[in-house]
Amino acid sequence: LSSAQALAREAREGVSADIQGLGGRVDDLFSEGGRAGRLFADVSLTVHYLQKTADQVAQEWKDKADNLGTELATLQEVAELARATQASLEETQKEASVLRCKVNDLSSDLALNSTKLEVAKSSTMNQGLRRVKELEDKGLFSLDLISGEIAPRAPIAFADVKPAPKDENPPEPMLTNAEVVDQLCADVAEIARIFDAPLVLEVLLVAGKGGTPAYWDQLAAGRAALLRGRLEAAGAAGARLEVKSGVLKKAAGPEVALRLDPTLFRTAPSAGAAAGKPAAKKK
């Protein structure tokens with residue numbers, strides 16, 4: 001028994017020593033300066049670094065996701081705008097097509113109306129020229145279709161005046177053949193309407209004996225005003241009637257000249273211009 005007890009005691013003592021040694025080694029391993037402590041500290045630092053890196057990467061991806069979301073929203077708006085623009089363009093193209101059809105229709109109508117107008121003008125001109133011939137055949141005037149001059153065949157005769165040397169105010173002008181002049185004015189007014197043209201009336205007289213220059217100017221102006229009134233009474237448009245008067249040193253053609261707007265005809269030098277007559281005064 002003593003031997004067995006001795007062995008048991010040795011065994012217990014050996015185990016106890018081993019346990020104490022193991023405990024010391026464990027204490028050494030897990031102490032602050034031990035290997036396990038260093039490993040745990042390294043692991044902790046690594047985990048912290050990885051956590052920080054993971055947070056940074058996660059934030060970067062979140063920012064990218066936010067940017068992508070914004071870009072996606074913008075792209076969606078652009079796409080919506082593009083769809084709206086496309087729809088508007090298609091609508092505009094439809095409207096343009098409709099307008100082109102209308103323009104084509106209007107062009108056709110215009111061409112047709114232009115043709116009708118030309119036919120109407122031709123017919124109206126033919127009728128007008130026939131009427132001019134009828135009026136000329138009455139024998140009161142002739143119309144020069146080159147210069148537009150309307151030459152009275154019957155004289156437009158005014159009563160003679162005999163002023164004293166110093167007279168300044170002439171008497172009221174009087175016609176000696178008023179009935180013939182009224183018939184002439186009616187024909188001339190109709191001619192102006194046929195050609196739809198302005199009418200020029202010019203009264204030029206030669207100063208006689210006596211009277212002042214103002215006397216003869218007033219007499220010419222008075223005779224022009226008298227004829228203007230007769231023309232307007234016969235239907236000539238006052239707004240399209242240009243009246244001139246003047247005094248000559250010597251005779252240079254008829255005292256009364258009538259003509260349509262010369263721009264409607266090929267102009268030709270008048271007898272007065274060839275004789276160097278002064279410019280008449282407009283009334």
# chains A, B, ... in the order shown; residues from 1 in each chain; ligands from 1
>>> select_by_dssp(residues="stretch 62-280 of chain A", states="strand (DSSP E)", output="list of chain:residue names")
A:Phe141, A:Ser142, A:Leu143, A:Glu149, A:Ile150, A:Ala151, A:Pro152, A:Leu199, A:Val200, A:Leu201, A:Glu202, A:Val203, A:Leu204, A:Leu205, A:Val206, A:Leu241, A:Glu242, A:Val243, A:Lys244, A:Ser245, A:Gly246, A:Val247, A:Leu248, A:Val256, A:Ala257, A:Leu258, A:Arg259, A:Leu260
>>> select_by_dssp(residues="stretch 45-179 of chain A", states="alpha helix (DSSP H)", output="number ranges by chain")
A: 45-136, 178-179
>>> closest_atom_pairs(of="stretch 223-245 of chain A", to="stretch 160-183 of chain A", cutoff="9 Å", atoms="only C-alpha atoms", output="JSON lines")
{"residue": "A:Arg223", "atom": "CA", "partner": "A:Pro173", "partner_atom": "CA", "distance": 5.7}
{"residue": "A:Leu226", "atom": "CA", "partner": "A:Pro173", "partner_atom": "CA", "distance": 7.3}
{"residue": "A:Leu227", "atom": "CA", "partner": "A:Val181", "partner_atom": "CA", "distance": 8.6}
{"residue": "A:Arg230", "atom": "CA", "partner": "A:Asp182", "partner_atom": "CA", "distance": 6.5}
{"residue": "A:Leu231", "atom": "CA", "partner": "A:Asp182", "partner_atom": "CA", "distance": 7.8}
{"residue": "A:Ala233", "atom": "CA", "partner": "A:Asp182", "partner_atom": "CA", "distance": 8.9}
{"residue": "A:Ala234", "atom": "CA", "partner": "A:Asp182", "partner_atom": "CA", "distance": 7.4}
>>> closest_residue(among="A:Leu201, A:Ser88, A:Ser147, A:Arg12", to="A:Leu241", atoms="only C-alpha atoms")
A:Leu201
>>> residues_around(residues="A:Arg193", least_positions_apart="6", cutoff="10 Å", atoms="only C-alpha atoms", output="PyMOL selection string")
chain A and resi 128+187+199+235-237
>>> closest_residue(among="A:Leu205, A:Ala79, A:Leu7, A:Leu45", to="A:Lys250", atoms="only C-alpha atoms")
A:Leu205
>>> atom_distance(atom1="atom CA of A:Glu136", atom2="atom CA of A:Arg153")
9.8 Å
>>> closest_residue(among="A:Val200, A:Val15, A:Leu99, A:Leu248", to="A:Asp217", atoms="only C-alpha atoms")
A:Leu248
>>> closest_residue(among="A:Gly24, A:Pro262, A:Pro152, A:Gly210", to="A:Leu140", atoms="only C-alpha atoms")
A:Pro152
>>> closest_residue(among="A:Ala151, A:Ala4, A:Ile191, A:Val203", to="A:Ala225", atoms="only C-alpha atoms")
A:Val203
>>> atom_distance(atom1="atom CA of A:Ser2", atom2="atom CA of A:Ile19")
25.2 Å
>>> closest_residue(among="A:Cys101, A:Val247, A:Leu39, A:Ala6", to="A:Thr212", atoms="only C-alpha atoms")
A:Val247
>>> atom_distance(atom1="atom CA of A:Arg240", atom2="atom CA of A:Pro198")
4.7 Å
>>> decode(residues="stretch 91-107 of chain A", atoms="all heavy atoms", output="PDB file, in the first residue's frame")
ATOM      1  N   GLU A  91     -47.353  66.081 -84.858  1.00  0.00           N
ATOM      2  CA  GLU A  91     -48.536  66.937 -85.015  1.00  0.00           C
ATOM      3  C   GLU A  91     -48.239  68.090 -85.970  1.00  0.00           C
ATOM      4  O   GLU A  91     -49.070  68.448 -86.817  1.00  0.00           O
ATOM      5  CB  GLU A  91     -48.969  67.477 -83.644  1.00  0.00           C
ATOM      6  CG  GLU A  91     -50.272  68.267 -83.661  1.00  0.00           C
ATOM      7  CD  GLU A  91     -51.468  67.424 -84.044  1.00  0.00           C
ATOM      8  OE1 GLU A  91     -51.410  66.188 -83.848  1.00  0.00           O
ATOM      9  OE2 GLU A  91     -52.451  67.988 -84.553  1.00  0.00           O
ATOM     10  N   THR A  92     -47.025  68.663 -85.814  1.00  0.00           N
ATOM     11  CA  THR A  92     -46.634  69.760 -86.711  1.00  0.00           C
ATOM     12  C   THR A  92     -46.547  69.284 -88.152  1.00  0.00           C
ATOM     13  O   THR A  92     -46.955  69.992 -89.081  1.00  0.00           O
ATOM     14  CB  THR A  92     -45.281  70.342 -86.267  1.00  0.00           C
ATOM     15  OG1 THR A  92     -45.388  70.807 -84.913  1.00  0.00           O
ATOM     16  CG2 THR A  92     -44.857  71.499 -87.156  1.00  0.00           C
ATOM     17  N   GLN A  93     -46.009  68.090 -88.350  1.00  0.00           N
ATOM     18  CA  GLN A  93     -45.927  67.540 -89.697  1.00  0.00           C
ATOM     19  C   GLN A  93     -47.310  67.329 -90.293  1.00  0.00           C
ATOM     20  O   GLN A  93     -47.532  67.591 -91.481  1.00  0.00           O
ATOM     21  CB  GLN A  93     -45.145  66.226 -89.670  1.00  0.00           C
ATOM     22  CG  GLN A  93     -43.646  66.407 -89.399  1.00  0.00           C
ATOM     23  CD  GLN A  93     -42.927  65.092 -89.240  1.00  0.00           C
ATOM     24  OE1 GLN A  93     -43.536  64.049 -88.962  1.00  0.00           O
ATOM     25  NE2 GLN A  93     -41.606  65.113 -89.404  1.00  0.00           N
ATOM     26  N   LYS A  94     -48.246  66.888 -89.448  1.00  0.00           N
ATOM     27  CA  LYS A  94     -49.618  66.729 -89.933  1.00  0.00           C
ATOM     28  C   LYS A  94     -50.209  68.078 -90.331  1.00  0.00           C
ATOM     29  O   LYS A  94     -50.834  68.211 -91.385  1.00  0.00           O
ATOM     30  CB  LYS A  94     -50.475  66.078 -88.846  1.00  0.00           C
ATOM     31  CG  LYS A  94     -50.131  64.625 -88.562  1.00  0.00           C
ATOM     32  CD  LYS A  94     -51.017  64.066 -87.455  1.00  0.00           C
ATOM     33  CE  LYS A  94     -50.656  62.624 -87.128  1.00  0.00           C
ATOM     34  NZ  LYS A  94     -51.484  62.084 -86.016  1.00  0.00           N
ATOM     35  N   GLU A  95     -49.980  69.090 -89.446  1.00  0.00           N
ATOM     36  CA  GLU A  95     -50.495  70.424 -89.755  1.00  0.00           C
ATOM     37  C   GLU A  95     -49.844  70.976 -91.019  1.00  0.00           C
ATOM     38  O   GLU A  95     -50.506  71.610 -91.850  1.00  0.00           O
ATOM     39  CB  GLU A  95     -50.246  71.353 -88.580  1.00  0.00           C
ATOM     40  CG  GLU A  95     -51.047  71.008 -87.337  1.00  0.00           C
ATOM     41  CD  GLU A  95     -50.736  71.925 -86.171  1.00  0.00           C
ATOM     42  OE1 GLU A  95     -49.842  72.783 -86.316  1.00  0.00           O
ATOM     43  OE2 GLU A  95     -51.385  71.776 -85.120  1.00  0.00           O
ATOM     44  N   ALA A  96     -48.514  70.734 -91.154  1.00  0.00           N
ATOM     45  CA  ALA A  96     -47.811  71.212 -92.350  1.00  0.00           C
ATOM     46  C   ALA A  96     -48.370  70.538 -93.601  1.00  0.00           C
ATOM     47  O   ALA A  96     -48.520  71.180 -94.648  1.00  0.00           O
ATOM     48  CB  ALA A  96     -46.313  70.937 -92.220  1.00  0.00           C
ATOM     49  N   SER A  97     -48.679  69.264 -93.480  1.00  0.00           N
ATOM     50  CA  SER A  97     -49.258  68.557 -94.624  1.00  0.00           C
ATOM     51  C   SER A  97     -50.620  69.139 -94.988  1.00  0.00           C
ATOM     52  O   SER A  97     -50.921  69.348 -96.175  1.00  0.00           O
ATOM     53  CB  SER A  97     -49.388  67.071 -94.288  1.00  0.00           C
ATOM     54  OG  SER A  97     -49.997  66.372 -95.354  1.00  0.00           O
ATOM     55  N   VAL A  98     -51.420  69.433 -93.953  1.00  0.00           N
ATOM     56  CA  VAL A  98     -52.727  70.043 -94.207  1.00  0.00           C
ATOM     57  C   VAL A  98     -52.570  71.417 -94.847  1.00  0.00           C
ATOM     58  O   VAL A  98     -53.269  71.778 -95.800  1.00  0.00           O
ATOM     59  CB  VAL A  98     -53.522  70.153 -92.885  1.00  0.00           C
ATOM     60  CG1 VAL A  98     -54.804  70.950 -93.106  1.00  0.00           C
ATOM     61  CG2 VAL A  98     -53.853  68.767 -92.352  1.00  0.00           C
ATOM     62  N   LEU A  99     -51.583  72.199 -94.310  1.00  0.00           N
ATOM     63  CA  LEU A  99     -51.352  73.529 -94.866  1.00  0.00           C
ATOM     64  C   LEU A  99     -50.873  73.446 -96.317  1.00  0.00           C
ATOM     65  O   LEU A  99     -51.252  74.273 -97.151  1.00  0.00           O
ATOM     66  CB  LEU A  99     -50.320  74.277 -94.017  1.00  0.00           C
ATOM     67  CG  LEU A  99     -50.816  74.770 -92.652  1.00  0.00           C
ATOM     68  CD1 LEU A  99     -49.660  75.392 -91.869  1.00  0.00           C
ATOM     69  CD2 LEU A  99     -51.942  75.776 -92.814  1.00  0.00           C
ATOM     70  N   ARG A 100     -50.007  72.463 -96.603  1.00  0.00           N
ATOM     71  CA  ARG A 100     -49.550  72.300 -97.985  1.00  0.00           C
ATOM     72  C   ARG A 100     -50.725  72.013 -98.914  1.00  0.00           C
ATOM     73  O   ARG A 100     -50.800  72.553-100.026  1.00  0.00           O
ATOM     74  CB  ARG A 100     -48.511  71.182 -98.073  1.00  0.00           C
ATOM     75  CG  ARG A 100     -47.110  71.601 -97.662  1.00  0.00           C
ATOM     76  CD  ARG A 100     -46.076  70.573 -98.090  1.00  0.00           C
ATOM     77  NE  ARG A 100     -46.268  69.302 -97.405  1.00  0.00           N
ATOM     78  CZ  ARG A 100     -45.704  68.989 -96.252  1.00  0.00           C
ATOM     79  NH1 ARG A 100     -44.914  69.863 -95.645  1.00  0.00           N
ATOM     80  NH2 ARG A 100     -45.912  67.821 -95.687  1.00  0.00           N
ATOM     81  N   CYS A 101     -51.630  71.186 -98.433  1.00  0.00           N
ATOM     82  CA  CYS A 101     -52.823  70.899 -99.245  1.00  0.00           C
ATOM     83  C   CYS A 101     -53.644  72.163 -99.470  1.00  0.00           C
ATOM     84  O   CYS A 101     -54.120  72.431-100.578  1.00  0.00           O
ATOM     85  CB  CYS A 101     -53.664  69.819 -98.560  1.00  0.00           C
ATOM     86  SG  CYS A 101     -52.882  68.178 -98.505  1.00  0.00           S
ATOM     87  N   LYS A 102     -53.787  72.951 -98.378  1.00  0.00           N
ATOM     88  CA  LYS A 102     -54.550  74.189 -98.507  1.00  0.00           C
ATOM     89  C   LYS A 102     -53.849  75.161 -99.443  1.00  0.00           C
ATOM     90  O   LYS A 102     -54.501  75.845-100.248  1.00  0.00           O
ATOM     91  CB  LYS A 102     -54.748  74.823 -97.132  1.00  0.00           C
ATOM     92  CG  LYS A 102     -55.693  74.048 -96.219  1.00  0.00           C
ATOM     93  CD  LYS A 102     -55.889  74.765 -94.896  1.00  0.00           C
ATOM     94  CE  LYS A 102     -56.877  74.020 -94.007  1.00  0.00           C
ATOM     95  NZ  LYS A 102     -57.076  74.692 -92.705  1.00  0.00           N
ATOM     96  N   VAL A 103     -52.500  75.248 -99.309  1.00  0.00           N
ATOM     97  CA  VAL A 103     -51.743  76.140-100.197  1.00  0.00           C
ATOM     98  C   VAL A 103     -51.901  75.700-101.649  1.00  0.00           C
ATOM     99  O   VAL A 103     -52.076  76.538-102.548  1.00  0.00           O
ATOM    100  CB  VAL A 103     -50.258  76.172 -99.792  1.00  0.00           C
ATOM    101  CG1 VAL A 103     -49.421  76.854-100.863  1.00  0.00           C
ATOM    102  CG2 VAL A 103     -50.086  76.888 -98.459  1.00  0.00           C
ATOM    103  N   ASN A 104     -51.839  74.402-101.872  1.00  0.00           N
ATOM    104  CA  ASN A 104     -52.029  73.898-103.234  1.00  0.00           C
ATOM    105  C   ASN A 104     -53.411  74.249-103.755  1.00  0.00           C
ATOM    106  O   ASN A 104     -53.577  74.656-104.909  1.00  0.00           O
ATOM    107  CB  ASN A 104     -51.816  72.385-103.271  1.00  0.00           C
ATOM    108  CG  ASN A 104     -50.366  72.001-103.039  1.00  0.00           C
ATOM    109  OD1 ASN A 104     -49.465  72.788-103.302  1.00  0.00           O
ATOM    110  ND2 ASN A 104     -50.126  70.802-102.542  1.00  0.00           N
ATOM    111  N   ASP A 105     -54.413  74.103-102.851  1.00  0.00           N
ATOM    112  CA  ASP A 105     -55.780  74.460-103.255  1.00  0.00           C
ATOM    113  C   ASP A 105     -55.881  75.951-103.563  1.00  0.00           C
ATOM    114  O   ASP A 105     -56.502  76.353-104.555  1.00  0.00           O
ATOM    115  CB  ASP A 105     -56.768  74.080-102.151  1.00  0.00           C
ATOM    116  CG  ASP A 105     -56.889  72.573-101.987  1.00  0.00           C
ATOM    117  OD1 ASP A 105     -56.502  71.845-102.921  1.00  0.00           O
ATOM    118  OD2 ASP A 105     -57.363  72.124-100.918  1.00  0.00           O
ATOM    119  N   LEU A 106     -55.247  76.749-102.664  1.00  0.00           N
ATOM    120  CA  LEU A 106     -55.287  78.199-102.890  1.00  0.00           C
ATOM    121  C   LEU A 106     -54.549  78.577-104.164  1.00  0.00           C
ATOM    122  O   LEU A 106     -54.977  79.482-104.892  1.00  0.00           O
ATOM    123  CB  LEU A 106     -54.678  78.932-101.689  1.00  0.00           C
ATOM    124  CG  LEU A 106     -55.502  78.916-100.401  1.00  0.00           C
ATOM    125  CD1 LEU A 106     -54.717  79.557 -99.261  1.00  0.00           C
ATOM    126  CD2 LEU A 106     -56.828  79.659-100.599  1.00  0.00           C
ATOM    127  N   SER A 107     -53.419  77.906-104.415  1.00  0.00           N
ATOM    128  CA  SER A 107     -52.674  78.186-105.642  1.00  0.00           C
ATOM    129  C   SER A 107     -53.513  77.866-106.866  1.00  0.00           C
ATOM    130  O   SER A 107     -53.531  78.619-107.846  1.00  0.00           O
ATOM    131  CB  SER A 107     -51.376  77.371-105.663  1.00  0.00           C
ATOM    132  OG  SER A 107     -50.537  77.738-104.585  1.00  0.00           O
TER     133      SER A 107
END
